[in-house]
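Participant: Before anything else, here's the structure in question.
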Amino acid sequence: MTPDDPTPLLDRIACPADLRALSDPDLGRLARELRAEVVRTVARTGGHLGSSLGVVELSIAIHAVFNTPADKLVWDVGHQCYPHKILTGRRAAMAGLRQEGGPSGFTKRSESIHDPFGAAHSSTSISAALGFAVGRDMGQPTGDAIAVIGDGAMTAGMAWEAINHAGALGRRLFVILNDNDMSIAPPAGALADYLRRLRRGDPLAPLRGMAEGFEAALPGPLREGARRARALVTGAEARGNLFEDMGFSYVGPVDGHDLPALLATLRAARARSSGPVLIHALTVKGKGYGPAEAAADRMHGVVPFDVATGRQDKPRANAPAYTAVFGRALTEAAARDGRIVAVTAAMPSGTGLDIMAARFPARVFDVGIAEQHAVTFAAGMAAAGLRPFCAIYSTFLQRAYDQIVHDVALQGLPVRFAIDRAGLVGADGATHAGAFDIGYLANLPGMTVMAAADEAELARMVETAVIHDDGPIAFRYPRGNGTGAEMPERPEPLQIGRGRVVRQGSDVAILSYGAHLAEALAAAGMLEAAGISATVADARFARPLDTALIAQLARHHGVLVTLEQGATGGFGALVLHHLANAGLLDRGLAVRTMTLPDRFIDHAEPGAMYADAGLAAADIARVATEARAGRGAIAPAGAALRLV
């Protein structure tokens, strides 16, 4: 282009190949345009702003140097991928980012050839990239493999398992450590301290270089003896750092916002490397947008905001958020019981544990993105006599299932699992849906499993978990705000395995488990308008079931509908199992189980997602009506409501 050409460079970028036709100075101009585009986009839609701003130059440099999509670029975690999406043909579509029908907030294989691997959970990139590298070396049509992993994601064991394997295999592989000293919260642990030391540089490096140069000049036997002597004195081998000790060539640190330096580094690495390389890039989360750089969380996840001020347009809530209710209830309980401790896997604010940490900082433990360790760590504290609460999103608790089984349930240890983001979660989509925890927890011997119908019930379940020392206990609750239920001044614990009837009827019974109770009550209102009397009950417990309540509903109604915000094989399956074994199906009771469908549901507003799932109030009323009329199986979601 010429200096007089006013055409924005971003308008010329339809795919990464267009970047490779630009000069390095033009790439610098493109970075400024791309950063402004990311801010404008997220200001309209909301989403993950700070992490994406931090990788603008890195995204340009990777696509300008490597031959994507033939070369496979894997982002970890995928919420830093907005610049990548804009550069790979999705700029116009970004107007619908994280909205129904629009692009995902994460990388997604079905969305673009430029997303070779989906990543919305952390610490998977090095494993996946190594898989691509092995595929290449075995003759598959793929080029180089590049993993971009954040320093927060490096706290997970899986990342180190992959580094260990990659170092041993020695295959050509590029790992870019995007080190911004920040994940959602500031990173915790010894690794964070180690990376900070690498950022500052090693003050002994010149002396080490002199020593290694002296060793290199010695004859072979003397050289080896000098190396071993130095290792004996220092307690370490002669290599430069941990990554080199694990078989990687280490490059860095390099300024991740210095585009010429990034381009030179990546070009040199691509031209000269034959084995695994780790490039340590230092970035700033929220870089280039003042309000993000000044925010405590660097505007990690935002709703639509004003570009000029950064002020977010957060709607006023008529009810408190479930997360805040949990955090306050646990903090009040901790004030009364010094044995209560809490564990989070890099999500203190996301789980509400920042409330307890502000009052009892020595009793809240952030273990980093390490859910497996979090669960077993909590198990150890329980075995020591403490009362640990392990607060992890449903979708992330899946990562620690073996530890739940082997280290908690098998030993009958009273770990309390607070399971946030249960059910469908809106804009984060299928990757963050809490769809499976009911089934994977309720099948474990000795596990007590609860679900809160509203925020008042959640507070009671916290109290129930506090005093429950007879094995593990879990309680689930959704994302977002409560229903406006009246909060008890001092929540009373629940009786284990006992539900409640919240509306009395005679024709059909709706047995709701968890936060879909409001939809059940709305469905009962629809049925009443059509002349059908409906009982609505809140099960509260999936394990142990309230078998007396189930028997009462089965004997006094012709239709029983179970309802849950979870996948097939959960609460409804447990109820059916009990009804069959107790002989309660023999009298002709019509039973229908309403669950999430056997498919993943893409991002949209939660109400639209539940309508897509066939779990709206009208769907519940339709299913109950058709079962009463003897019409058999549940009709597909979206069928017209027909009341008789």
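A note on labels: chains of the structure tokens are A, B, ... as shown, every chain counts residues from 1, and ligands are counted from 1 in their shown order.
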Env of A:Gly471: 10 Å cut, atoms = only C-alpha atoms, seq-sep filter 2 positions within chain, self excluded. Answer as an mmCIF file with N, CA and C atoms, in the first residue's frame.
Facilitator:
data_model
loop_
_atom_site.group_PDB
_atom_site.id
_atom_site.type_symbol
_atom_site.label_atom_id
_atom_site.label_comp_id
_atom_site.auth_asym_id
_atom_site.auth_seq_id
_atom_site.Cartn_x
_atom_site.Cartn_y
_atom_site.Cartn_z
ATOM 1 N N ALA A 382 -10.507 -33.147 54.602
ATOM 2 C CA ALA A 382 -11.626 -33.820 55.271
ATOM 3 C C ALA A 382 -11.127 -34.944 56.168
ATOM 4 N N VAL A 408 -12.573 -39.643 47.240
ATOM 5 C CA VAL A 408 -13.629 -39.117 48.109
ATOM 6 C C VAL A 408 -14.676 -40.187 48.404
ATOM 7 N N ALA A 409 -15.407 -40.630 47.368
ATOM 8 C CA ALA A 409 -16.534 -41.531 47.601
ATOM 9 C C ALA A 409 -16.097 -42.876 48.163
ATOM 10 N N LEU A 410 -15.071 -43.458 47.587
ATOM 11 C CA LEU A 410 -14.622 -44.778 48.028
ATOM 12 C C LEU A 410 -14.212 -44.772 49.494
ATOM 13 N N GLN A 411 -13.679 -43.636 49.945
ATOM 14 C CA GLN A 411 -13.240 -43.532 51.334
ATOM 15 C C GLN A 411 -14.291 -42.901 52.244
ATOM 16 N N GLY A 412 -15.435 -42.534 51.664
ATOM 17 C CA GLY A 412 -16.513 -41.981 52.464
ATOM 18 C C GLY A 412 -16.160 -40.665 53.135
ATOM 19 N N LEU A 413 -15.329 -39.851 52.497
ATOM 20 C CA LEU A 413 -14.872 -38.614 53.125
ATOM 21 C C LEU A 413 -15.875 -37.480 52.902
ATOM 22 N N PRO A 414 -16.140 -36.695 53.927
ATOM 23 C CA PRO A 414 -17.165 -35.643 53.833
ATOM 24 C C PRO A 414 -16.678 -34.368 53.151
ATOM 25 N N VAL A 415 -16.362 -34.486 51.877
ATOM 26 C CA VAL A 415 -16.072 -33.309 51.066
ATOM 27 C C VAL A 415 -17.402 -32.731 50.591
ATOM 28 N N ARG A 416 -17.530 -31.418 50.663
ATOM 29 C CA ARG A 416 -18.755 -30.749 50.227
ATOM 30 C C ARG A 416 -18.516 -30.136 48.848
ATOM 31 N N PRO A 445 -21.902 -44.664 45.396
ATOM 32 C CA PRO A 445 -22.342 -45.099 46.729
ATOM 33 C C PRO A 445 -21.947 -44.078 47.795
ATOM 34 N N GLY A 446 -22.897 -43.782 48.672
ATOM 35 C CA GLY A 446 -22.613 -42.914 49.803
ATOM 36 C C GLY A 446 -22.659 -41.436 49.520
ATOM 37 N N MET A 447 -22.867 -41.042 48.257
ATOM 38 C CA MET A 447 -22.890 -39.628 47.888
ATOM 39 C C MET A 447 -24.296 -39.063 48.075
ATOM 40 N N THR A 448 -24.423 -37.961 48.777
ATOM 41 C CA THR A 448 -25.683 -37.235 48.887
ATOM 42 C C THR A 448 -25.682 -36.134 47.834
ATOM 43 N N HIS A 468 -23.204 -31.987 57.605
ATOM 44 C CA HIS A 468 -23.241 -33.355 57.085
ATOM 45 C C HIS A 468 -21.828 -33.942 57.109
ATOM 46 N N ASP A 469 -21.552 -34.773 58.066
ATOM 47 C CA ASP A 469 -20.241 -35.423 58.179
ATOM 48 C C ASP A 469 -20.280 -36.894 57.777
ATOM 49 N N ILE A 473 -21.093 -34.899 50.038
ATOM 50 C CA ILE A 473 -22.380 -34.289 49.718
ATOM 51 C C ILE A 473 -22.159 -33.236 48.645
#
Participant: Find the residues around A:Ile13 up to 12 Å (only C-alpha atoms counted), leave out those fewer than 3 positions away in its own chain, and share them as an mmCIF file with C-alpha atoms, in the first residue's frame.
Facilitator:
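Wrote it out as around.cif, contents follow:
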data_model
loop_
_atom_site.group_PDB
_atom_site.id
_atom_site.type_symbol
_atom_site.label_atom_id
_atom_site.label_comp_id
_atom_site.auth_asym_id
_atom_site.auth_seq_id
_atom_site.Cartn_x
_atom_site.Cartn_y
_atom_site.Cartn_z
ATOM 1 C CA THR A 7 -8.144 2.036 3.082
ATOM 2 C CA PRO A 8 -8.075 0.173 6.396
ATOM 3 C CA LEU A 9 -5.775 -2.794 6.128
ATOM 4 C CA LEU A 10 -8.269 -4.941 8.022
ATOM 5 C CA PRO A 16 -4.329 -15.456 6.861
ATOM 6 C CA ALA A 17 -2.693 -15.672 3.419
ATOM 7 C CA ASP A 18 -3.484 -11.965 3.017
ATOM 8 C CA LEU A 19 -1.285 -11.188 6.009
ATOM 9 C CA ARG A 20 1.708 -12.774 4.331
ATOM 10 C CA ALA A 21 1.488 -10.264 1.488
ATOM 11 C CA LEU A 22 1.914 -7.312 3.877
ATOM 12 C CA LEU A 27 1.461 -5.574 9.989
ATOM 13 C CA LEU A 30 -2.892 -3.807 11.138
ATOM 14 C CA GLU A 33 -6.751 -1.643 13.596
ATOM 15 C CA LEU A 34 -7.344 -5.158 14.901
ATOM 16 C CA ILE A 60 -0.928 -11.479 13.603
ATOM 17 C CA HIS A 63 -0.642 -16.176 10.963
ATOM 18 C CA ALA A 64 1.961 -14.081 9.112
ATOM 19 C CA PRO A 83 -8.391 -11.620 16.952
ATOM 20 C CA HIS A 84 -7.783 -15.034 15.363
ATOM 21 C CA LYS A 85 -11.441 -15.264 14.345
ATOM 22 C CA ILE A 86 -11.411 -11.800 12.810
ATOM 23 C CA LEU A 87 -8.291 -12.646 10.784
ATOM 24 C CA THR A 88 -9.723 -15.951 9.545
ATOM 25 C CA GLY A 89 -12.759 -14.793 7.620
ATOM 26 C CA ARG A 90 -15.238 -14.283 10.455
ATOM 27 C CA ARG A 91 -15.036 -10.527 10.910
ATOM 28 C CA ALA A 92 -18.598 -9.796 9.746
#
Participant: Quick one: distance from atom CA of A:Ala319 to atom CA of A:Arg490 in Å, one decimal?
Facilitator: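 Taking atom CA of A:Ala319 and atom CA of A:Arg490, their separation equals 18.0 Å.
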Participant: Which residues come within 10 Å of stretch 573-588 of chain A, counting only C-alpha atoms, excluding same-chain residues fewer than 5 positions away, as a PDB file with C-alpha atoms, in the first residue's frame?
Facilitator:
ATOM      1  CA  GLY A 439     -25.816 -38.689  36.633  1.00  0.00           C
ATOM      2  CA  ALA A 442     -25.815 -39.740  41.929  1.00  0.00           C
ATOM      3  CA  ASN A 443     -24.516 -43.167  40.883  1.00  0.00           C
ATOM      4  CA  LEU A 511     -41.707 -33.618  40.272  1.00  0.00           C
ATOM      5  CA  ALA A 542     -31.548 -37.053  43.755  1.00  0.00           C
ATOM      6  CA  ARG A 543     -29.719 -39.256  46.243  1.00  0.00           C
ATOM      7  CA  PRO A 544     -31.200 -40.384  48.516  1.00  0.00           C
ATOM      8  CA  LEU A 545     -34.563 -40.104  46.796  1.00  0.00           C
ATOM      9  CA  ASP A 546     -37.623 -39.139  48.809  1.00  0.00           C
ATOM     10  CA  THR A 547     -39.329 -42.445  48.162  1.00  0.00           C
ATOM     11  CA  ILE A 550     -42.626 -40.368  45.070  1.00  0.00           C
ATOM     12  CA  ALA A 551     -45.042 -43.031  46.292  1.00  0.00           C
ATOM     13  CA  ALA A 554     -47.629 -42.050  42.100  1.00  0.00           C
ATOM     14  CA  ARG A 555     -50.658 -43.272  44.064  1.00  0.00           C
ATOM     15  CA  GLY A 558     -52.557 -40.628  36.917  1.00  0.00           C
ATOM     16  CA  VAL A 559     -49.502 -38.903  35.441  1.00  0.00           C
ATOM     17  CA  THR A 562     -40.056 -35.648  36.297  1.00  0.00           C
ATOM     18  CA  THR A 568     -30.647 -38.328  30.250  1.00  0.00           C
ATOM     19  CA  THR A 593     -39.001 -37.951  32.224  1.00  0.00           C
ATOM     20  CA  THR A 595     -34.306 -33.972  30.562  1.00  0.00           C
TER      21      THR A 595
END
Participant: Find, counting only C-alpha atoms, the residue in A:Arg328, A:Arg399, A:Arg316, A:His300 that gets nearest to A:Ala357.
Facilitator: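 So, comparing all the options, the nearest one is A:Arg328.
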Participant: With distances taken over only C-alpha atoms, which residue among A:Pro69, A:Gly252, A:Gly426, A:Pro493 lies nearest A:Leu266?
Facilitator: A:Gly252
